>>> print(open('my_file33.txt').read())   # compact mmCIF, C-alpha atoms
# COMPACT_ATOMS: atom_id res chain seq x y z
CA MET A 1 -0.74 -14.77 -3.79
CA SER A 2 -2.60 -12.24 -5.93
CA THR A 3 -6.36 -12.01 -6.40
CA LEU A 4 -8.05 -14.59 -4.18
CA ARG A 5 -9.83 -17.27 -6.18
CA VAL A 6 -11.25 -20.57 -4.93
CA THR A 7 -11.67 -22.59 -8.09
CA ALA A 8 -12.85 -25.95 -9.34
CA GLU A 9 -9.94 -28.05 -10.60
CA GLN A 10 -9.42 -31.47 -12.15
CA LEU A 11 -6.86 -33.38 -10.12
CA THR A 12 -3.86 -35.52 -10.87
CA ILE A 13 -3.02 -37.83 -7.95
CA HIS A 14 0.53 -38.85 -7.07
CA PRO A 15 1.81 -41.22 -4.39
CA HIS A 16 3.32 -39.84 -1.20
CA ASP A 17 6.64 -41.64 -0.84
CA ASN A 18 6.87 -41.19 2.93
CA ALA A 19 3.32 -41.89 4.14
CA ASP A 20 1.12 -44.90 3.41
CA ALA A 21 -2.08 -43.02 4.33
CA LEU A 22 -1.41 -39.89 2.25
CA GLU A 23 -1.28 -38.89 -1.40
CA LEU A 24 -0.56 -35.71 -3.36
CA ALA A 25 -3.24 -33.94 -5.38
CA GLN A 26 -1.77 -31.76 -8.15
CA VAL A 27 -3.36 -28.49 -9.31
CA GLY A 28 -1.29 -26.66 -11.90
CA LEU A 29 2.20 -27.28 -10.51
CA TYR A 30 1.03 -27.06 -6.89
CA ARG A 31 0.71 -30.25 -4.87
CA ALA A 32 -1.47 -30.54 -1.78
CA VAL A 33 -1.41 -33.48 0.63
CA VAL A 34 -4.73 -35.39 0.80
CA ALA A 35 -5.89 -38.61 2.46
CA LYS A 36 -5.10 -41.71 0.41
CA GLY A 37 -8.06 -42.92 -1.64
CA GLN A 38 -10.00 -39.68 -1.19
CA TYR A 39 -9.52 -38.72 -4.84
CA ARG A 40 -8.52 -40.33 -8.10
CA THR A 41 -6.84 -38.79 -11.12
CA GLY A 42 -9.54 -37.03 -13.15
CA ASP A 43 -11.71 -36.21 -10.13
CA TRP A 44 -12.89 -32.65 -9.58
CA ALA A 45 -12.49 -30.68 -6.35
CA LEU A 46 -12.01 -27.14 -5.10
CA TYR A 47 -8.61 -25.61 -4.63
CA ILE A 48 -8.15 -23.07 -1.81
CA PRO A 49 -4.81 -21.29 -2.24
CA GLU A 50 -2.22 -20.19 0.26
CA GLY A 51 -2.97 -16.88 1.95
CA SER A 52 -6.67 -17.69 2.36
CA LEU A 53 -8.55 -17.16 5.62
CA LEU A 54 -11.18 -19.84 6.29
CA PRO A 55 -14.36 -19.40 8.35
CA GLU A 56 -14.70 -21.54 11.46
CA ALA A 57 -17.52 -23.68 10.04
CA LEU A 58 -15.47 -24.64 6.97
CA ILE A 59 -12.39 -25.36 9.09
CA GLU A 60 -14.46 -27.70 11.25
CA GLU A 61 -16.07 -29.42 8.24
CA LEU A 62 -12.66 -30.09 6.68
CA GLY A 63 -11.24 -31.44 9.93
CA LEU A 64 -8.61 -28.72 10.14
CA THR A 65 -9.36 -27.32 13.59
CA GLY A 66 -6.09 -26.19 15.17
CA LYS A 67 -4.07 -27.23 12.11
CA LEU A 68 -3.90 -23.98 10.14
CA ALA A 69 -1.56 -21.00 10.59
CA GLY A 70 -2.01 -17.65 12.29
CA SER A 71 -3.09 -16.60 15.77
CA GLN A 72 -6.65 -17.74 15.01
CA LYS A 73 -5.52 -20.95 13.28
CA ASN A 74 -7.51 -20.03 10.18
CA ARG A 75 -4.86 -19.16 7.57
CA VAL A 76 -3.76 -21.47 4.75
CA LYS A 77 0.03 -21.63 4.59
CA ALA A 78 2.52 -23.88 2.83
CA VAL A 79 3.67 -26.73 5.08
CA ARG A 80 5.87 -29.78 4.75
CA LEU A 81 4.01 -32.97 5.68
CA ARG A 82 6.08 -36.10 6.05
CA GLY A 83 8.73 -34.61 3.80
CA GLU A 84 6.42 -33.36 1.02
CA LEU A 85 5.61 -29.68 0.42
CA SER A 86 1.85 -29.10 0.59
CA GLN A 87 0.57 -25.82 -0.88
CA GLY A 88 -3.10 -24.93 -0.52
CA ILE A 89 -6.10 -27.13 0.28
CA VAL A 90 -7.89 -29.54 -2.03
CA CYS A 91 -11.42 -30.28 -0.81
CA ARG A 92 -15.06 -30.91 -1.72
CA PRO A 93 -17.14 -29.14 0.97
CA GLN A 94 -20.86 -29.84 1.20
CA ALA A 95 -21.64 -26.38 -0.16
CA VAL A 96 -20.62 -27.53 -3.65
CA ASP A 97 -22.29 -30.97 -3.63
CA ASN A 98 -24.85 -29.88 -6.21
CA PHE A 99 -22.40 -28.12 -8.53
CA ASP A 100 -21.03 -29.47 -11.80
CA LEU A 101 -17.43 -28.56 -11.05
CA ALA A 102 -16.26 -29.07 -14.63
CA GLN A 103 -18.85 -26.56 -15.76
CA ALA A 104 -17.90 -24.23 -12.90
CA GLN A 105 -14.30 -24.25 -14.06
CA ALA A 106 -15.27 -23.60 -17.67
CA GLY A 107 -17.31 -20.62 -16.51
CA GLY A 108 -14.49 -19.28 -14.34
CA ARG A 109 -16.57 -19.49 -11.17
CA ASN A 110 -14.96 -18.22 -7.97
CA PHE A 111 -16.31 -20.01 -4.86
CA ALA A 112 -14.54 -17.76 -2.34
CA GLU A 113 -17.52 -15.61 -1.40
CA GLU A 114 -20.05 -18.39 -0.97
CA LEU A 115 -17.61 -20.38 1.17
CA GLY A 116 -16.74 -17.32 3.25
CA VAL A 117 -13.07 -17.55 2.28
CA THR A 118 -11.23 -14.22 2.35
CA LYS A 119 -7.74 -13.03 1.52
CA TRP A 120 -5.22 -12.65 4.32
CA VAL A 121 -3.74 -9.15 4.35
CA PRO A 122 -0.88 -8.71 6.83
CA GLU A 123 -0.99 -5.72 9.12
CA ILE A 124 1.18 -2.77 8.10
CA PRO A 125 3.72 -1.73 10.75
CA VAL A 126 3.37 1.83 12.02
CA HIS A 127 6.59 3.01 10.36
CA MET A 128 5.24 1.92 6.96
CA ALA A 129 1.84 3.57 7.32
CA GLY A 130 0.67 7.17 7.68
CA GLU A 131 -1.98 9.66 6.66
CA MET A 132 -3.43 8.84 3.23
CA VAL A 133 -4.48 11.16 0.41
CA GLN A 134 -6.40 10.49 -2.80
CA ALA A 135 -4.12 9.96 -5.81
CA PRO A 136 -6.29 8.87 -8.77
CA ASP A 137 -3.50 9.31 -11.34
CA LEU A 138 -0.73 7.33 -9.66
CA ILE A 139 0.39 4.16 -11.43
CA PRO A 140 -0.38 1.11 -9.27
CA TRP A 141 1.66 -2.06 -9.14
CA ILE A 142 0.17 -5.24 -10.54
CA GLU A 143 -0.33 -8.60 -8.88
CA ILE A 144 2.14 -11.31 -9.92
CA GLU A 145 0.87 -14.86 -10.27
CA ASP A 146 2.80 -17.88 -9.07
CA ILE A 147 4.04 -20.02 -11.96
CA LYS A 148 2.88 -23.13 -10.11
CA ARG A 149 -0.70 -21.92 -10.37
CA TYR A 150 -0.49 -20.89 -14.02
CA PRO A 151 2.36 -22.85 -15.62
CA GLY A 152 1.41 -21.88 -19.18
CA ILE A 153 2.28 -18.19 -18.89
CA PHE A 154 5.53 -18.65 -20.87
CA GLU A 155 6.34 -20.76 -23.90
CA PRO A 156 9.26 -23.24 -23.73
CA GLY A 157 12.33 -21.57 -25.16
CA GLU A 158 10.80 -18.07 -25.09
CA PRO A 159 13.46 -15.43 -24.35
CA ILE A 160 13.03 -14.32 -20.72
CA THR A 161 14.80 -12.53 -17.90
CA ALA A 162 14.78 -13.66 -14.26
CA THR A 163 15.54 -11.24 -11.44
CA GLU A 164 15.88 -11.99 -7.75
CA LYS A 165 12.69 -11.56 -5.73
CA VAL A 166 13.77 -9.35 -2.83
CA HIS A 167 11.98 -9.89 0.47
CA GLY A 168 11.13 -6.36 1.49
CA SER A 169 8.09 -4.15 1.08
CA ALA A 170 6.99 -2.86 -2.33
CA CYS A 171 7.42 0.92 -2.55
CA LEU A 172 5.51 2.67 -5.32
CA PHE A 173 6.55 6.08 -6.60
CA SER A 174 4.60 7.99 -9.25
CA LEU A 175 5.53 11.31 -10.78
CA VAL A 176 2.43 12.78 -12.41
CA GLY A 177 2.88 16.09 -14.14
CA GLY A 178 5.67 16.91 -11.72
CA GLU A 179 3.63 15.90 -8.64
CA PRO A 180 5.20 13.11 -6.54
CA TYR A 181 3.15 10.33 -4.96
CA VAL A 182 4.47 7.57 -2.68
CA SER A 183 2.46 4.49 -1.80
CA SER A 184 2.55 0.79 -0.91
CA LYS A 185 1.30 -2.07 -3.07
CA GLY A 186 -1.97 -2.35 -1.15
CA PHE A 187 -2.70 1.38 -0.87
CA GLY A 188 -1.59 2.03 -4.44
CA GLY A 189 -4.21 -0.42 -5.69
CA LYS A 190 -6.81 1.80 -3.99
CA ARG A 191 -5.29 4.93 -5.59
CA LEU A 192 -4.16 6.21 -2.21
CA ALA A 193 -0.82 7.86 -1.49
CA ILE A 194 1.01 8.30 1.82
CA ALA A 195 1.34 11.90 3.03
CA ASN A 196 3.65 11.26 6.02
CA PRO A 197 7.25 12.27 5.10
CA ALA A 198 8.60 10.24 8.05
CA ASN A 199 7.15 7.07 6.54
CA LEU A 200 9.72 4.44 5.57
CA TYR A 201 8.77 4.58 1.88
CA TRP A 202 9.17 8.36 1.75
CA ARG A 203 12.52 8.13 3.51
CA ALA A 204 13.76 5.63 0.93
CA ILE A 205 12.46 7.71 -1.99
CA GLU A 206 14.16 10.85 -0.71
CA ALA A 207 17.38 9.07 0.27
CA TYR A 208 17.84 7.81 -3.29
CA ASP A 209 16.67 11.09 -4.91
CA VAL A 210 13.94 9.23 -6.80
CA PRO A 211 11.75 12.29 -7.62
CA ALA A 212 14.53 14.03 -9.55
CA LYS A 213 15.62 10.81 -11.24
CA ALA A 214 12.04 9.92 -12.18
CA ALA A 215 11.74 13.35 -13.77
CA ARG A 216 14.86 12.57 -15.79
CA ILE A 217 13.34 9.23 -16.83
CA GLY A 218 10.23 11.11 -18.00
CA GLU A 219 12.42 13.39 -20.11
CA LEU A 220 14.29 10.48 -21.65
CA LEU A 221 11.05 8.65 -22.49
CA GLY A 222 9.08 11.74 -23.47
CA VAL A 223 6.25 11.14 -20.98
CA ASP A 224 4.71 13.08 -18.09
CA ARG A 225 3.69 10.09 -15.93
CA VAL A 226 6.38 7.79 -14.56
CA GLY A 227 6.00 4.91 -12.12
CA VAL A 228 9.07 3.63 -10.28
CA PHE A 229 8.56 0.37 -8.41
CA GLY A 230 11.13 -0.72 -5.88
CA GLU A 231 11.62 -2.89 -2.83
CA VAL A 232 12.52 -1.30 0.50
CA PHE A 233 14.37 -3.77 2.70
CA GLY A 234 16.57 -4.15 5.75
CA GLN A 235 16.23 -4.78 9.46
CA GLY A 236 12.87 -3.46 10.59
CA VAL A 237 11.06 -4.38 7.35
CA GLN A 238 10.97 -8.18 7.03
CA ASP A 239 12.73 -11.16 8.55
CA LEU A 240 15.26 -11.25 5.70
CA HIS A 241 17.30 -8.06 5.99
CA TYR A 242 20.27 -8.61 3.62
CA GLY A 243 22.77 -7.21 6.10
CA THR A 244 21.34 -3.69 6.09
CA SER A 245 18.94 -1.64 8.21
CA ALA A 246 15.79 0.25 7.28
CA ARG A 247 15.96 2.33 10.44
CA GLY A 248 18.89 4.51 9.38
CA ALA A 249 19.24 7.32 6.88
CA LEU A 250 19.75 4.97 3.94
CA PRO A 251 17.29 2.04 3.90
CA GLY A 252 17.91 -0.83 1.51
CA TYR A 253 16.24 -0.07 -1.82
CA ALA A 254 16.25 -1.75 -5.24
CA ILE A 255 14.04 -1.12 -8.28
CA PHE A 256 12.33 -3.98 -10.12
CA ASP A 257 10.10 -2.15 -12.63
CA VAL A 258 9.39 1.17 -14.32
CA ALA A 259 6.23 2.22 -16.15
CA ALA A 260 5.59 5.19 -18.40
CA ALA A 261 2.48 6.96 -19.68
CA SER A 262 1.31 10.32 -20.94
CA GLY A 263 -1.85 11.95 -19.63
CA ASN A 264 -4.49 9.26 -19.15
CA GLY A 265 -2.93 7.12 -21.86
CA GLU A 266 -2.08 3.44 -21.67
CA VAL A 267 0.71 2.46 -19.30
CA ARG A 268 3.81 0.99 -20.93
CA TRP A 269 6.07 -1.28 -18.89
CA LEU A 270 9.71 -1.14 -19.83
CA ASP A 271 11.38 -4.22 -21.30
CA PRO A 272 14.08 -5.74 -19.03
CA ASP A 273 17.08 -4.48 -21.05
CA GLU A 274 15.53 -1.04 -21.46
CA LEU A 275 14.87 -0.95 -17.72
CA ILE A 276 18.45 -1.73 -16.72
CA ASP A 277 19.86 0.73 -19.26
CA LEU A 278 17.62 3.52 -17.96
CA LEU A 279 18.29 2.82 -14.27
CA ARG A 280 22.03 2.91 -14.88
CA LYS A 281 21.76 6.17 -16.80
CA VAL A 282 19.99 7.89 -13.89
CA GLU A 283 22.00 5.98 -11.25
CA LEU A 284 19.19 4.18 -9.44
CA PRO A 285 19.77 0.74 -7.81
CA GLU A 286 18.29 -2.34 -9.49
CA VAL A 287 17.34 -5.79 -8.23
CA PRO A 288 19.90 -8.47 -9.18
CA ARG A 289 19.45 -10.12 -12.56
CA LEU A 290 20.12 -13.84 -12.24
CA TYR A 291 19.35 -15.24 -15.69
CA THR A 292 18.71 -14.18 -19.28
CA GLY A 293 17.97 -16.76 -21.95
CA PRO A 294 15.39 -19.29 -23.14
CA TYR A 295 12.57 -20.22 -20.80
CA ASP A 296 13.28 -23.50 -19.04
CA GLU A 297 10.79 -24.18 -16.26
CA SER A 298 12.78 -26.82 -14.40
CA ALA A 299 16.02 -24.82 -14.52
CA LEU A 300 14.23 -21.74 -13.18
CA MET A 301 12.61 -23.76 -10.40
CA GLU A 302 16.09 -24.85 -9.35
CA LEU A 303 17.47 -21.31 -9.62
CA ALA A 304 14.67 -19.99 -7.36
CA THR A 305 16.16 -21.93 -4.45
CA GLY A 306 19.56 -20.95 -3.15
CA ARG A 307 21.26 -18.07 -1.37
CA GLU A 308 20.42 -14.43 -2.00
CA THR A 309 22.73 -12.17 -4.00
CA VAL A 310 21.37 -8.81 -2.76
CA SER A 311 23.88 -8.38 0.08
CA GLY A 312 26.80 -9.80 -1.88
CA LYS A 313 27.48 -12.08 1.07
CA ALA A 314 24.76 -14.74 0.66
CA THR A 315 23.42 -13.69 4.05
CA HIS A 316 20.02 -15.38 3.68
CA LEU A 317 18.16 -17.94 1.69
CA ARG A 318 16.66 -16.69 -1.57
CA GLU A 319 12.96 -15.82 -1.70
CA GLY A 320 12.68 -16.71 -5.37
CA LEU A 321 12.59 -15.18 -8.85
CA VAL A 322 10.46 -12.85 -10.91
CA VAL A 323 10.36 -13.91 -14.55
CA ARG A 324 9.24 -11.83 -17.51
CA PRO A 325 9.70 -12.03 -21.28
CA ALA A 326 12.49 -10.16 -23.02
CA ARG A 327 9.75 -8.10 -24.68
CA ASP A 328 6.88 -7.14 -22.39
CA ARG A 329 3.65 -8.70 -23.66
CA TYR A 330 0.07 -9.51 -22.82
CA SER A 331 -0.84 -12.93 -21.42
CA PRO A 332 -4.33 -14.37 -21.99
CA ILE A 333 -3.71 -16.58 -18.95
CA THR A 334 -3.21 -13.71 -16.50
CA GLY A 335 -5.42 -11.28 -18.39
CA GLY A 336 -2.60 -8.77 -18.13
CA ARG A 337 1.18 -8.78 -18.28
CA ALA A 338 3.12 -11.96 -18.88
CA ILE A 339 5.01 -12.01 -15.58
CA ALA A 340 5.27 -14.65 -12.87
CA LYS A 341 7.07 -15.49 -9.65
CA PHE A 342 8.99 -18.66 -8.81
CA VAL A 343 9.00 -19.01 -5.02
CA SER A 344 11.59 -21.08 -3.19
CA PRO A 345 10.01 -23.97 -1.23
CA VAL A 346 12.60 -23.41 1.51
CA TYR A 347 11.49 -19.79 1.82
CA LEU A 348 7.83 -20.84 2.14
CA ILE A 349 8.42 -23.05 5.16
CA ARG A 350 11.08 -20.98 6.97
CA LYS A 351 10.52 -20.28 10.65
CA GLY A 352 9.61 -16.82 11.92
CA GLY A 353 8.84 -15.40 8.50
CA THR A 354 7.12 -12.02 8.02
CA GLU A 355 5.01 -11.03 5.02
CA TYR A 356 4.18 -7.33 5.27
CA GLU A 357 3.00 -5.74 2.03
>>> encode(input="my_file33.txt", output="structure tokens")
Amino acid sequence: MSTLRVTAEQLTIHPHDNADALELAQVGLYRAVVAKGQYRTGDWALYIPEGSLLPEALIEELGLTGKLAGSQKNRVKAVRLRGELSQGIVCRPQAVDNFDLAQAQAGGRNFAEELGVTKWVPEIPVHMAGEMVQAPDLIPWIEIEDIKRYPGIFEPGEPITATEKVHGSACLFSLVGGEPYVSSKGFGGKRLAIANPANLYWRAIEAYDVPAKAARIGELLGVDRVGVFGEVFGQGVQDLHYGTSARGALPGYAIFDVAAASGNGEVRWLDPDELIDLLRKVELPEVPRLYTGPYDESALMELATGRETVSGKATHLREGLVVRPARDRYSPITGGRAIAKFVSPVYLIRKGGTEYE
């Protein structure tokens, strides 16, 4: 999940094939299990996405006491109910009884704050944290929306590239005027860098000689600010380790994006082919590319589920895909880059999963 938004949505209702008392309410491409007869197609309700933390009063009002995830049973998580995947919560709490929900949607209203719904942020393990320093000029990573929430990001047939979504921890490296900064996705968004050289991210950056290679990228592109965005993975990072360890001298590491800018100028994200060409020139590892061709939503949904290709041995299930156009472009739907993730349903409901940022 990216920015937390609790929004008003018009529903499409589908039958639940395995439960007489349940139905499926569709929002975007998400489907959430609801009680049969509670809603009809065309009705309006609120949609609370996965990764939300609900206050106790709202949990009680919705009849979800003891039914949510997390140690406090207050986190919204994808579940399979009577054979159907249910993602998020569709509801009409009393707090919105007097709202015109169609008008609220048109105005882009976010109900999270007034309902007391907050975003779940997983704790950062000690080996991924450390002393922080201000880094106002680093290039932060962006949030990636789920295609199920915003299915119109790409046009049918649009040339795209799909890479494997590696289940690790996002490691941000910025080289600004020769000064290196290392951060995580969460800290980078706050323009904070990690000062601890024993930190896992720093160990990965140094092991793969990223500072020198980022400097070479800057020379090739003619810029003095370079952002290198990779995934650190292996045993000790997440539950999917791809047959490697993050505790040794060479943690698993693969790059999924590079950005370039000069001074305080606009950040340019490299196109997929340009990215691969550049990474191979400077000999930096890349995430696996699984598909290049016309955008086909159903085919990509199928491709998102399978076995990973990172280890070369299909050690684990696949987390999913990251899809972007062949030419990086703006999306009016995301309000930023046209980029989206396709998450495997099997990955969402796996047992013992970890989700550190």
>>> closest_residue(input="my_file33.txt", among="A:Pro294, A:Glu308, A:Arg80, A:Thr7", to="Gly107 in chain A", atoms="only C-alpha atoms")
A:Thr7
>>> atom_distance(input="my_file33.txt", atom1="CA of Phe173 in chain A", atom2="CA of Gln238 in chain A")
20.2 Å
>>> residues_around(input="my_file33.txt", residues="range 86-94 of chain A", least_positions_apart="5", cutoff="8 Å", atoms="all atoms listed in the file", output="list in words")
Ala25, Tyr30, Arg31, Ala32, Val33, Val34, Ala45, Leu46, Tyr47, Ile48, Pro49, Glu50, Leu58, Glu61, Leu62, Val76, Lys77, Ala78, Val79, Arg80 and Leu81 of chain A
>>> write_last_selection(input="my_file33.txt", atoms="C-alpha atoms", output="PDB file, in the coordinates of the input")
ATOM      1  CA  ALA A  25      -3.240 -33.940  -5.380  1.00  0.00           C
ATOM      2  CA  TYR A  30       1.030 -27.060  -6.890  1.00  0.00           C
ATOM      3  CA  ARG A  31       0.710 -30.250  -4.870  1.00  0.00           C
ATOM      4  CA  ALA A  32      -1.470 -30.540  -1.780  1.00  0.00           C
ATOM      5  CA  VAL A  33      -1.410 -33.480   0.630  1.00  0.00           C
ATOM      6  CA  VAL A  34      -4.730 -35.390   0.800  1.00  0.00           C
ATOM      7  CA  ALA A  45     -12.490 -30.680  -6.350  1.00  0.00           C
ATOM      8  CA  LEU A  46     -12.010 -27.140  -5.100  1.00  0.00           C
ATOM      9  CA  TYR A  47      -8.610 -25.610  -4.630  1.00  0.00           C
ATOM     10  CA  ILE A  48      -8.150 -23.070  -1.810  1.00  0.00           C
ATOM     11  CA  PRO A  49      -4.810 -21.290  -2.240  1.00  0.00           C
ATOM     12  CA  GLU A  50      -2.220 -20.190   0.260  1.00  0.00           C
ATOM     13  CA  LEU A  58     -15.470 -24.640   6.970  1.00  0.00           C
ATOM     14  CA  GLU A  61     -16.070 -29.420   8.240  1.00  0.00           C
ATOM     15  CA  LEU A  62     -12.660 -30.090   6.680  1.00  0.00           C
ATOM     16  CA  VAL A  76      -3.760 -21.470   4.750  1.00  0.00           C
ATOM     17  CA  LYS A  77       0.030 -21.630   4.590  1.00  0.00           C
ATOM     18  CA  ALA A  78       2.520 -23.880   2.830  1.00  0.00           C
ATOM     19  CA  VAL A  79       3.670 -26.730   5.080  1.00  0.00           C
ATOM     20  CA  ARG A  80       5.870 -29.780   4.750  1.00  0.00           C
ATOM     21  CA  LEU A  81       4.010 -32.970   5.680  1.00  0.00           C
TER      22      LEU A  81
END
>>> atom_distance(input="my_file33.txt", atom1="CA of Thr12 in chain A", atom2="CA of Ala162 in chain A")
28.9 Å
>>> residues_near_point(input="my_file33.txt", point="(9.8, 2.0, -8.9)", cutoff="7 Å", atoms="all atoms listed in the file", output="list in words")
Cys171, Leu172, Phe173, Gly227, Val228, Phe229, Gly230, Ile255, Phe256, Asp257 and Val258 of chain A
>>> closest_residue(input="my_file33.txt", among="A:Gly157, A:Pro140, A:Gly243, A:Gly178", to="Ala259 in chain A", atoms="all atoms listed in the file")
A:Pro140
>>> residues_near_point(input="my_file33.txt", point="(10.9, 7.4, -22.2)", cutoff="12 Å", atoms="all atoms listed in the file", output="number ranges by chain")
A: 214-227, 258-262, 267-271, 274-275, 277-279
>>> write_last_selection(input="my_file33.txt", atoms="C-alpha atoms", output="PDB file, in the coordinates of the input")
ATOM      1  CA  ALA A 214      12.040   9.920 -12.180  1.00  0.00           C
ATOM      2  CA  ALA A 215      11.740  13.350 -13.770  1.00  0.00           C
ATOM      3  CA  ARG A 216      14.860  12.570 -15.790  1.00  0.00           C
ATOM      4  CA  ILE A 217      13.340   9.230 -16.830  1.00  0.00           C
ATOM      5  CA  GLY A 218      10.230  11.110 -18.000  1.00  0.00           C
ATOM      6  CA  GLU A 219      12.420  13.390 -20.110  1.00  0.00           C
ATOM      7  CA  LEU A 220      14.290  10.480 -21.650  1.00  0.00           C
ATOM      8  CA  LEU A 221      11.050   8.650 -22.490  1.00  0.00           C
ATOM      9  CA  GLY A 222       9.080  11.740 -23.470  1.00  0.00           C
ATOM     10  CA  VAL A 223       6.250  11.140 -20.980  1.00  0.00           C
ATOM     11  CA  ASP A 224       4.710  13.080 -18.090  1.00  0.00           C
ATOM     12  CA  ARG A 225       3.690  10.090 -15.930  1.00  0.00           C
ATOM     13  CA  VAL A 226       6.380   7.790 -14.560  1.00  0.00           C
ATOM     14  CA  GLY A 227       6.000   4.910 -12.120  1.00  0.00           C
ATOM     15  CA  VAL A 258       9.390   1.170 -14.320  1.00  0.00           C
ATOM     16  CA  ALA A 259       6.230   2.220 -16.150  1.00  0.00           C
ATOM     17  CA  ALA A 260       5.590   5.190 -18.400  1.00  0.00           C
ATOM     18  CA  ALA A 261       2.480   6.960 -19.680  1.00  0.00           C
ATOM     19  CA  SER A 262       1.310  10.320 -20.940  1.00  0.00           C
ATOM     20  CA  VAL A 267       0.710   2.460 -19.300  1.00  0.00           C
ATOM     21  CA  ARG A 268       3.810   0.990 -20.930  1.00  0.00           C
ATOM     22  CA  TRP A 269       6.070  -1.280 -18.890  1.00  0.00           C
ATOM     23  CA  LEU A 270       9.710  -1.140 -19.830  1.00  0.00           C
ATOM     24  CA  ASP A 271      11.380  -4.220 -21.300  1.00  0.00           C
ATOM     25  CA  GLU A 274      15.530  -1.040 -21.460  1.00  0.00           C
ATOM     26  CA  LEU A 275      14.870  -0.950 -17.720  1.00  0.00           C
ATOM     27  CA  ASP A 277      19.860   0.730 -19.260  1.00  0.00           C
ATOM     28  CA  LEU A 278      17.620   3.520 -17.960  1.00  0.00           C
ATOM     29  CA  LEU A 279      18.290   2.820 -14.270  1.00  0.00           C
TER      30      LEU A 279
END
>>> atom_distance(input="my_file33.txt", atom1="CA of Tyr208 in chain A", atom2="CA of Asp328 in chain A")
26.6 Å
>>> closest_residue(input="my_file33.txt", among="A:Ala19, A:Ala326, A:Ala204, A:Ile142", to="Tyr253 in chain A", atoms="only C-alpha atoms")
A:Ala204
>>> closest_residue(input="my_file33.txt", among="A:Leu240, A:Gly248, A:Val96, A:Lys213", to="Arg280 in chain A", atoms="only C-alpha atoms")
A:Lys213
>>> closest_residue(input="my_file33.txt", among="A:Gly186, A:Thr161, A:Ile59, A:Tyr181", to="Trp141 in chain A", atoms="only C-alpha atoms")
A:Gly186
>>> residues_around(input="my_file33.txt", residues="Arg289 in chain A", least_positions_apart="5", cutoff="10 Å", atoms="only C-alpha atoms", output="number ranges by chain")
A: 161-165, 256, 272, 276, 309, 321-322
>>> closest_residue(input="my_file33.txt", among="A:Gln26, A:Thr305, A:Thr334, A:Gln10", to="Leu317 in chain A", atoms="all atoms listed in the file")
A:Thr305
>>> build_atoms(input="my_file33.txt", residues="range 132-141 of chain A", atoms="N, CA, C and O atoms", output="short mmCIF file (atom, residue, chain, number, x, y, z; two decimals), in the frame of the given file")
data_model
loop_
_atom_site.label_atom_id
_atom_site.label_comp_id
_atom_site.auth_asym_id
_atom_site.auth_seq_id
_atom_site.Cartn_x
_atom_site.Cartn_y
_atom_site.Cartn_z
N MET A 132 -3.26 9.14 4.64
CA MET A 132 -3.43 8.84 3.23
C MET A 132 -4.15 9.98 2.52
O MET A 132 -4.98 10.68 3.10
N VAL A 133 -3.80 10.17 1.25
CA VAL A 133 -4.48 11.16 0.41
C VAL A 133 -4.90 10.49 -0.90
O VAL A 133 -4.29 9.51 -1.34
N GLN A 134 -5.93 11.02 -1.52
CA GLN A 134 -6.40 10.49 -2.80
C GLN A 134 -5.36 10.79 -3.89
O GLN A 134 -4.81 11.90 -3.95
N ALA A 135 -5.08 9.79 -4.72
CA ALA A 135 -4.12 9.96 -5.81
C ALA A 135 -4.61 9.17 -7.03
O ALA A 135 -4.05 8.13 -7.38
N PRO A 136 -5.67 9.65 -7.68
CA PRO A 136 -6.29 8.87 -8.77
C PRO A 136 -5.38 8.63 -9.97
O PRO A 136 -5.62 7.70 -10.74
N ASP A 137 -4.34 9.45 -10.15
CA ASP A 137 -3.50 9.31 -11.34
C ASP A 137 -2.20 8.56 -11.11
O ASP A 137 -1.40 8.40 -12.03
N LEU A 138 -1.96 8.10 -9.86
CA LEU A 138 -0.73 7.33 -9.66
C LEU A 138 -0.81 6.01 -10.43
O LEU A 138 -1.88 5.54 -10.79
N ILE A 139 0.34 5.43 -10.69
CA ILE A 139 0.39 4.16 -11.43
C ILE A 139 0.54 3.04 -10.40
O ILE A 139 1.56 2.97 -9.71
N PRO A 140 -0.47 2.18 -10.27
CA PRO A 140 -0.38 1.11 -9.27
C PRO A 140 0.48 -0.05 -9.75
O PRO A 140 0.69 -0.23 -10.95
N TRP A 141 0.96 -0.82 -8.80
CA TRP A 141 1.66 -2.06 -9.14
C TRP A 141 0.63 -3.13 -9.46
O TRP A 141 -0.55 -3.02 -9.09
#
